[in-house]
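Novice: The structure is given below, and queries will be raised subsequently.
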Amino acid sequence: MRLTSLEERQREQRLVASRALVAGAVVSIGLLLLSLRLLHLQVDRHEHFSVLSMENRVKIQPVPPTRGLIYDAKGVLLADNNPTFSLEITIEKVDDLPATINALAQLLPIDANDRARFERLKRQRMRFQSVPIRLNLTPKEVARFSVNSYRFPGVDVRAELIRTYPLGAATAHVLGYVGRINEREMTQIDTSSYAGTHFIGKGGLEKAHEAVLHGKVGYQQVEVNARGRILRTLESTPPISGQDVFLSLDLGLQKAALEALGDRRGAVVAINPRDGSVLAMVSNPSFDPNLFVEGISGKDYNALLHSPDKPLFDRAARGQYPPGSTVKPFIGLGGLATGFTSAHKTVFCSGAFTLPGQSHRFRCWRKGGHGTVDLSAAITESCDVYFYSLANQMGIDRLHDFLSQFSFGSRTGIDVSGELAGLLPSREWKQRVRRQTWYPGETLIVGIGQGSFLATPLQLAVATAAIANRGHFIQPRLARASRFPGAESETLFPIISRQINVGDSHYWNQVIAAMTQVVESPRGTAKRIRSTEYRIAGKTGTSQVFTLGQKQTYNAAKTPERMRDHALFIAFAPVDDPRIAVAVLVENGGHGGSDAAPVARRVMDVYLGTKTTLPPDETTDGD
Amino acid sequence: MAIKSLSAQLNAEAEAANVGLFQRLHLDAPLLLALLMLCGFGLLVVYSAGDQDFEIVERQSVRLLLAFGLMGAIAQVPPRILRQWSLGLYLFGVVMLIAVLLFGDIGKGAQRWLDLGVLRFQPSELLKLAVPMTIAWLLSLRPLPPRPAWILLAVVLTLIPVLLIAKQPDLGTALLVVSAGVLVMFMAGLSWWMIGGLALVVAAVTPVIWFLMHDYQRNRIFTFLNPESDPLGTGYHIIQSQIAIGSGGISGKGWLNGTQSHLEFLPERHTDFIFAVIGEEFGFAGILALLALYLFVIVRGLLIAVRSQDNYGRLLAGGLTLVFFVYVFVNTGMVTGLLPVVGVPLPLISYGGTSMVTLLIGFGMIMGVETHLKKSTR
């Protein structure tokens with residue numbers, strides 16, 4: 001020890017003491033600074049950080065509603081939600097992934113596609129989420145796995161509800177189908193009400209009644225950890241299932257219509273004229289809508305898309321055809337209503353009609369002509385000249401205004417998405433679209449339902465129902481009512497109707513009588529379908545696929561099939577108490593009387609519950 | 001003779017009067033009580049932050065027992081013995097540091113550990129004690145305040161291990177060791193113009209240090225300046241720890257109820273960021289209580305330094321106490337976003353044995369200074 005004086009020792013002690021004092025002061029200042037910082041964080045900004053902390057741990061998860069089911073008029077299920085089973089692996093619960101998959105592959109078929117999809121999805125998901133290794137397990141496969149499940153911890157069978165259409169092609173065009181929501185739809189829907197829902201109605205009824213079928217999304221507040229694992233549910237608002245929809249569509253009638261068409265391309269629409277409910281709506285050929293629900297493969301889709309038969313095309317609501325002679329009852333009514341014709345007024349048919357001062361001959365379908373015809377005969381025998389004359393007198397403006405009351409040229413408003421409006425030509429339309437003035441000759445062509453005049457089979461059926469109703473026009477609809485699952489009462493969809501005024505209600509009877517003659521008269525163009533059990537009023541029609549030149553004659557046998565005329569037929573029955581109105585289109589079918597009318601007869605037979613057989617096929621001449 | 005015998009008698013009386021049980025055990029009762037409270041509180045928080053895993057608490061308790069045992073043992077060693085060990089311990093530590101750089105294990109991207117077969121040894125921890133001991137020994141060779149030449153020697157002795165540790169790289173420990181050396185010099189009466197000079201030197205070498213720093217270290221500085229710039233990367237720690245502390249409010253969410261920590265949003269929650277858990281679960285009130293305990297320990301340590309009757313004891317006790325404060329301030333400053341992220345645990349609370357053992361051995365030395373000097377002087 002070095003020797004130090006007392007004084008020196010005291011000086012050193014004072015020095016250290018003063019330094020300790022300074023240090024103590026610095027420490028105090030440091031801790032004060034820290035306290036101020038904590039005061040700022042924990043008192044001033046407490047609210048802010050509380051919110052952030054809450055947002056960290058509480059996540060809101062949507063619970064998608066179950067889509068409503070669709071039933072036909074007799075309670076047959078047309079659109080169902082089927083549980084499909086998939087085999088899923090939770091990565092973090094499995095020790096040796098490749099070994100597990102190989103062991104599973106010995107139990108159930110797992111192909112290279114399955115493995116590739118598994119690898120792809122595995123990279124996108126968190127370790128505690130499950131990844132599907134196999135989709136669409138059969139019940140047998142589910143059973144086989146269940147027996148062995150003890151060997152596979154972390155592997156589970158998962159059920160998901162997938163839309164299925166048990167009737168497949170029979171209802172494809174009417175119902176449409178649901179499919180994965182695409183980007184375009186994403187911009188149109190309220191994304192919050194579709195949170196958690198992957199499917200949306202893509203067409204037909206599924207799309208038209210989307211709002212009713214979808215239901216209301218539910219939510220649950222869950223507590224999650226930093227890696228997103230759900231620890232518990234804090235609060236939940238259950239979803240409200242979509243409403244089940246009950247159709248007026250009768251599956252039996254639908255199938256009968258399909259059978260009646262057989263392998264011919266065409267469409268059938270049957271409507272109950274009393275309330276506008278659609279009883280059958282068929283477009284043939286059809287497709288299996290179930291293929292589209294989970295995404296159709298490119299190969300299948302191309303096959304459907306490029307088939308010459310156009311199975312994806314809904315001929316009933318989207319097929320626009322010249323209505324041909326089926327418009328004659330309507331034009332006749334228009335003539336009566338506007339006073340340009342009467343029941344007694346006659347026209348001489350020489351086989352052709354010429355406008356004064358013009359050389360063009362507007363031909364009647366019967367070369368030799370019909371002779372002197374009144375309105376009834378003109379409809380019964382489908383005389384073109386009579387209607388050339390009438391149309392010429394009425395003029396396009398009156399024709400257009402009268403026909404548009406029957407919904408020609410505008411959508412009928414049916415609850416099937418994608419319906420087309422057809423085309424009812426007018427001066428205004430021609431000026432707007434073709435930038436040309438209207439020629440009087442075109443009025444004549446409109447008078448026999450050809451040229452640019454287009455109508456859908458649906459429009460024809462709706463208009464026919466309006467005649468059957470004597471002018472009471474009812475907007476057609478497929479859905480009769482909707483009901484929340486388990487609820488007592490159902491909500492009826494409204495019936496929207498209006499009255500078509502023709503001035504004198506006898507006019508309806510005159511036209512209906514003429515339409516009855518079409519079937520019942522020996523000269524009627526649809527005499528073949530005459531029934532002994534009930535009375536039918538109808539009208540045949542032929543829709544030209546291409547226009548003949550002035551000197552040409554149409555010869556079906558020499559015309560390539562796809563260029564042949566379409567056959568049309570409209571009808572309702574029973575005449576005195578109409579319960580069903582039908583429109584039939586057979587593409588490239590030839591004559592309305594021989595090809596389309598028997599289909600209508602068959603549909604009416606089934607609906608009215610009769611079973612008379614048709615007379616043997618005979619080539620019916622006429623239009 | 002008369003004076004001598006009187007003095008001896010007075011000493012004996014004083015001894016009989018003052019020397020209680022703790023004095024005989026060479027323990028300082030107030031300091032021991034505060035340390036036990038801190039460590040006990042630490043166990044509670046570790047239990048909560050470690051997801052109520054009792055195994056973690058058990059392991060930490062075993063370490064605490066070992067550390068308190070070592071503290072008690074070191075407290076038995078009179079400071080004059082410690083003084084004799086100082087330089088040897090220092091030289092041994094420096095040699096070990098060089099060995100680590102040459103043969104050390106790599107853990108978490110830095111070479112810090114030396115595997116001695118039976119146990120893994122972190123020589124930088126040893127230097128946290130050896131540097132203040134050696135500087136205290138050096139500066140107590142001559143009367144205080146030290147002359148510039150001695151200061152220069154002290155700076156050199158401090159910088160050798162610091163540079164070796166910084167090279168591992170272990171910025172946190174380097175910072176603690178350099179402050180240990182500097183704080184002893186400060187206690188020894190380092191003149192104010194020299195302190196100013198040192199500050200200037202630090203300011204001058206900062207760009208050089210910046211240039212020598214590793215990318216991850218630079219990133220920490222960047223994120224400290226603007227944590228929101230990289231909320232999912234390096235800024236995540238700072239953002240989440242501030243959310244934890246801020247959402248705790250005045251009274252906290254309650255023990256075991258911290259959502260930030262239990263739901264794993266807070267990283268390193270039972271080690272370096274445990275302060276955020278305290279802030280979240282015990283609130284501002286709990287934090288103030290903790291800071292008060294720390295302040296008590298520091299004030300007690302400084303008091304022991306002042307009351308010590310030789311320079312070595314004064315400098316060692318003062319230096320170690322102030323390093324303890326640096327620990328507290330660097331860790332809490334980092335967790336609250338006042339300072340950049342530096343890997344320094346919250347002393348006596350954070351889970352982990354190494355720093356706990358070093359700290360308590362340090363407190364053992366401080367207790368030794370308090371309890372031995374009264375008998376050994378004169």
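Naming scheme: A, B, ... for chains in displayed order of the structure tokens; residues 1 onward per chain; ligands 1 onward as shown.
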Report as CSV the residues of chain A within 9 Å of chain B, each with its shortest atom pair and distance in Å (one decimal), using only C-alpha atoms, ordered by chain and increasing residue number.
Specialist:
residue,atom,partner,partner_atom,distance
A:Arg2,CA,B:Leu141,CA,8.2
A:Thr4,CA,B:Pro143,CA,8.4
A:Glu8,CA,B:Pro143,CA,7.9
A:Arg9,CA,B:Asp310,CA,8.5
A:Arg11,CA,B:Leu144,CA,8.5
A:Glu12,CA,B:Leu144,CA,5.8
A:Gln13,CA,B:Val306,CA,7.0
A:Arg14,CA,B:Val306,CA,8.5
A:Leu15,CA,B:Gly189,CA,6.5
A:Val16,CA,B:Met187,CA,5.8
A:Ala17,CA,B:Val306,CA,5.3
A:Ser18,CA,B:Met187,CA,8.9
A:Arg19,CA,B:Met187,CA,5.6
A:Ala20,CA,B:Leu302,CA,6.0
A:Leu21,CA,B:Leu302,CA,8.4
A:Ala23,CA,B:Leu322,CA,7.6
A:Gly24,CA,B:Val299,CA,6.8
A:Val27,CA,B:Phe325,CA,7.1
A:Ser28,CA,B:Leu295,CA,7.7
A:Gly30,CA,B:Phe329,CA,7.2
A:Leu31,CA,B:Leu291,CA,7.2
A:Leu34,CA,B:Gly333,CA,7.0
A:Ser35,CA,B:Leu288,CA,7.3
A:Arg37,CA,B:Thr336,CA,7.3
A:Leu38,CA,B:Phe284,CA,6.9
A:Leu39,CA,B:Phe284,CA,7.0
A:His40,CA,B:Gly246,CA,8.3
A:Leu41,CA,B:Gly246,CA,4.7
A:Gln42,CA,B:Gly246,CA,4.3
A:Val43,CA,B:Gly249,CA,5.7
A:Asp44,CA,B:Gly246,CA,8.7
A:Arg45,CA,B:Gly246,CA,6.5
A:His46,CA,B:Gly246,CA,5.0
A:Glu47,CA,B:Ser247,CA,7.2
A:His48,CA,B:Ser247,CA,7.8
A:Phe49,CA,B:Ser247,CA,4.8
A:Ser50,CA,B:Ser247,CA,4.2
A:Val51,CA,B:Ser247,CA,7.8
A:Leu52,CA,B:Ile243,CA,6.6
A:Ser53,CA,B:Ile243,CA,6.0
A:Met54,CA,B:Thr259,CA,8.5
A:Asn56,CA,B:Phe265,CA,7.7
A:Arg57,CA,B:Thr259,CA,7.2
A:Glu223,CA,B:Leu263,CA,8.8
A:Val224,CA,B:Leu263,CA,7.1
A:Asn225,CA,B:Leu263,CA,4.2
A:Ala226,CA,B:Phe265,CA,4.7
A:Arg227,CA,B:Glu264,CA,7.9
A:Leu231,CA,B:Leu263,CA,8.9
Novice: Show which residues sit within 12 Å of Ser192 (chain A), as a list in words. Count only C-alpha atoms, and ignore same-chain residues fewer than 2 positions away.
Specialist: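 Contacts, in chain order: Ile60, Gln61, Pro62, Val63, Pro64, Met186, Thr187, Gln188, Ile189, Asp190, Tyr194, Ala195, Gly196, Thr197, Lys216, Val217, Gly218 and Tyr219 of chain A.
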Novice: Hey, can you spit out that residue selection with N, CA and C atoms as a PDB file, in the first residue's frame?
Specialist:
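For reference, selection.pdb as written:
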ATOM      1  N   ILE A  60     -61.626 -10.366 -38.847  1.00  0.00           N
ATOM      2  CA  ILE A  60     -63.024 -10.641 -39.144  1.00  0.00           C
ATOM      3  C   ILE A  60     -63.076 -11.603 -40.313  1.00  0.00           C
ATOM      4  N   GLN A  61     -63.757 -12.717 -40.084  1.00  0.00           N
ATOM      5  CA  GLN A  61     -63.833 -13.747 -41.111  1.00  0.00           C
ATOM      6  C   GLN A  61     -65.251 -13.886 -41.603  1.00  0.00           C
ATOM      7  N   PRO A  62     -65.417 -13.913 -42.901  1.00  0.00           N
ATOM      8  CA  PRO A  62     -66.759 -14.100 -43.420  1.00  0.00           C
ATOM      9  C   PRO A  62     -67.181 -15.555 -43.314  1.00  0.00           C
ATOM     10  N   VAL A  63     -68.462 -15.779 -43.059  1.00  0.00           N
ATOM     11  CA  VAL A  63     -69.025 -17.134 -43.110  1.00  0.00           C
ATOM     12  C   VAL A  63     -70.038 -17.126 -44.252  1.00  0.00           C
ATOM     13  N   PRO A  64     -69.725 -17.791 -45.350  1.00  0.00           N
ATOM     14  CA  PRO A  64     -70.609 -17.687 -46.514  1.00  0.00           C
ATOM     15  C   PRO A  64     -71.936 -18.375 -46.268  1.00  0.00           C
ATOM     16  N   MET A 186     -66.415  -9.490 -60.127  1.00  0.00           N
ATOM     17  CA  MET A 186     -65.912  -8.920 -58.876  1.00  0.00           C
ATOM     18  C   MET A 186     -66.170  -7.418 -58.829  1.00  0.00           C
ATOM     19  N   THR A 187     -66.071  -6.756 -59.987  1.00  0.00           N
ATOM     20  CA  THR A 187     -66.254  -5.311 -60.006  1.00  0.00           C
ATOM     21  C   THR A 187     -67.731  -4.945 -59.935  1.00  0.00           C
ATOM     22  N   GLN A 188     -68.612  -5.911 -60.207  1.00  0.00           N
ATOM     23  CA  GLN A 188     -70.033  -5.578 -60.256  1.00  0.00           C
ATOM     24  C   GLN A 188     -70.758  -5.914 -58.957  1.00  0.00           C
ATOM     25  N   ILE A 189     -70.237  -6.883 -58.212  1.00  0.00           N
ATOM     26  CA  ILE A 189     -70.959  -7.291 -57.013  1.00  0.00           C
ATOM     27  C   ILE A 189     -70.480  -6.504 -55.809  1.00  0.00           C
ATOM     28  N   ASP A 190     -71.289  -6.540 -54.771  1.00  0.00           N
ATOM     29  CA  ASP A 190     -70.884  -5.988 -53.485  1.00  0.00           C
ATOM     30  C   ASP A 190     -69.940  -7.014 -52.851  1.00  0.00           C
ATOM     31  N   TYR A 194     -70.233 -10.936 -50.732  1.00  0.00           N
ATOM     32  CA  TYR A 194     -69.742 -12.171 -51.340  1.00  0.00           C
ATOM     33  C   TYR A 194     -68.457 -12.654 -50.687  1.00  0.00           C
ATOM     34  N   ALA A 195     -68.085 -12.030 -49.553  1.00  0.00           N
ATOM     35  CA  ALA A 195     -66.871 -12.459 -48.872  1.00  0.00           C
ATOM     36  C   ALA A 195     -67.026 -13.920 -48.474  1.00  0.00           C
ATOM     37  N   GLY A 196     -66.077 -14.723 -48.837  1.00  0.00           N
ATOM     38  CA  GLY A 196     -66.126 -16.135 -48.467  1.00  0.00           C
ATOM     39  C   GLY A 196     -66.906 -16.980 -49.456  1.00  0.00           C
ATOM     40  N   THR A 197     -67.664 -16.341 -50.349  1.00  0.00           N
ATOM     41  CA  THR A 197     -68.402 -17.095 -51.362  1.00  0.00           C
ATOM     42  C   THR A 197     -67.550 -17.166 -52.613  1.00  0.00           C
ATOM     43  N   LYS A 216     -77.349 -14.066 -47.168  1.00  0.00           N
ATOM     44  CA  LYS A 216     -76.638 -12.966 -46.548  1.00  0.00           C
ATOM     45  C   LYS A 216     -75.429 -13.531 -45.806  1.00  0.00           C
ATOM     46  N   VAL A 217     -74.299 -12.891 -46.042  1.00  0.00           N
ATOM     47  CA  VAL A 217     -73.059 -13.402 -45.472  1.00  0.00           C
ATOM     48  C   VAL A 217     -73.047 -13.191 -43.951  1.00  0.00           C
ATOM     49  N   GLY A 218     -72.480 -14.127 -43.228  1.00  0.00           N
ATOM     50  CA  GLY A 218     -72.309 -13.976 -41.792  1.00  0.00           C
ATOM     51  C   GLY A 218     -70.852 -13.668 -41.482  1.00  0.00           C
ATOM     52  N   TYR A 219     -70.600 -13.266 -40.259  1.00  0.00           N
ATOM     53  CA  TYR A 219     -69.227 -12.936 -39.896  1.00  0.00           C
ATOM     54  C   TYR A 219     -68.865 -13.554 -38.576  1.00  0.00           C
TER      55      TYR A 219
END
Novice: Please identify the strand (DSSP E) residues within region 38-160 of chain B (assignment by DSSP from backbone atoms) and present them as a PyMOL selection string.
Specialist: chain B and resi 105-107+110-115+120-121
Novice: I need the residues from that last selection saved to file as a compact mmCIF listing (two decimals), in the first residue's frame (with N, CA and C atoms), if you can.
Specialist:
# COMPACT_ATOMS: atom_id res chain seq x y z
N ASP B 105 -17.05 -21.06 -32.00
CA ASP B 105 -18.28 -21.53 -32.63
C ASP B 105 -19.03 -20.34 -33.21
N ILE B 106 -19.79 -20.64 -34.24
CA ILE B 106 -20.60 -19.57 -34.82
C ILE B 106 -22.04 -19.78 -34.42
N GLY B 107 -22.58 -18.82 -33.68
CA GLY B 107 -23.98 -18.90 -33.28
C GLY B 107 -24.66 -17.62 -33.68
N ALA B 110 -22.59 -14.87 -35.49
CA ALA B 110 -21.43 -14.22 -34.91
C ALA B 110 -20.63 -15.23 -34.10
N GLN B 111 -19.32 -15.01 -34.08
CA GLN B 111 -18.44 -15.91 -33.33
C GLN B 111 -18.31 -15.41 -31.91
N ARG B 112 -19.02 -16.06 -30.99
CA ARG B 112 -18.96 -15.54 -29.62
C ARG B 112 -18.59 -16.63 -28.63
N TRP B 113 -18.80 -17.86 -29.04
CA TRP B 113 -18.71 -18.93 -28.06
C TRP B 113 -17.41 -19.71 -28.23
N LEU B 114 -16.91 -20.17 -27.11
CA LEU B 114 -15.76 -21.05 -27.13
C LEU B 114 -16.21 -22.36 -26.50
N ASP B 115 -16.10 -23.45 -27.29
CA ASP B 115 -16.58 -24.73 -26.79
C ASP B 115 -15.46 -25.42 -26.04
N ARG B 120 -20.04 -24.39 -22.85
CA ARG B 120 -19.76 -23.36 -23.84
C ARG B 120 -19.53 -22.06 -23.10
N PHE B 121 -18.46 -21.41 -23.44
CA PHE B 121 -17.99 -20.29 -22.66
C PHE B 121 -17.93 -19.06 -23.54
Novice: Kindly indicate which residue among A:Val385, A:Val545, A:Ile331, A:Ala105 lies nearest to Gly449 (chain A), using only C-alpha atoms for the distances.
Specialist: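 Ranking A:Val385, A:Val545, A:Ile331, A:Ala105 by distance to Gly449 (chain A), first place goes to A:Ile331.
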Novice: What's around Gly176 (chain A) at 6 Å? Count only C-alpha atoms, leave out sequence neighbours fewer than 4 positions away in its own chain, and write the answer as a VMD selection string.
Specialist: chain A and resid 172 203 to 206
Novice: So the first atom is CA of Ser407 (chain A) and the second is CA of Ala377 (chain A); what is the distance between them in Å, to one decimal place?
Specialist: 26.1 Å
Novice: Which residues are near Lys128 (chain B)? Cut-off 8 Å, only C-alpha atoms, ignore same chain within fewer than 6 positions. Put them as a list in words.
Specialist: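 The filter keeps Thr173, Leu176, Val177, Ala180 and Thr358 of chain B.
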Novice: Those same residues - C-alpha atoms - I'd like them written as a compact mmCIF listing (two decimals), in the first residue's frame.
Specialist:
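out.txt, written as the output of this step:
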# COMPACT_ATOMS: atom_id res chain seq x y z
CA THR B 173 -21.28 -6.42 -25.52
CA LEU B 176 -21.08 -2.47 -22.51
CA VAL B 177 -17.35 -3.20 -22.19
CA ALA B 180 -17.36 -0.10 -18.31
CA THR B 358 -22.07 -11.81 -14.96
Novice: Restricting the calculation to only C-alpha atoms: of A:Pro308, A:Gly503, A:Gly369, A:Gly262, which residue gets closest to Arg562 (chain A)?
Specialist: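 The answer is A:Pro308, which sits nearest to Arg562 (chain A).
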Novice: Would you list the contacts of region 579-595 of chain A as number ranges by chain, taking every protein, DNA or RNA residue within 7 Å and counting only C-alpha atoms, but skipping same-chain residues closer than 5 positions in sequence?
Specialist: A: 264-274, 457, 460-461, 464-465, 525-526, 540-542, 561-574, 600, 604, 619-620, 623
Novice: Would you kindly return, as a VMD selection string, each protein, DNA or RNA residue with an atom no farther than 7 Å from any atom of region 277-282 of chain A, considering only C-alpha atoms and excluding same-chain residues fewer than 2 positions away?
Specialist: chain A and resid 174 248 to 250 253 to 254 257 to 258 267 to 272 275 284 316 476 to 478
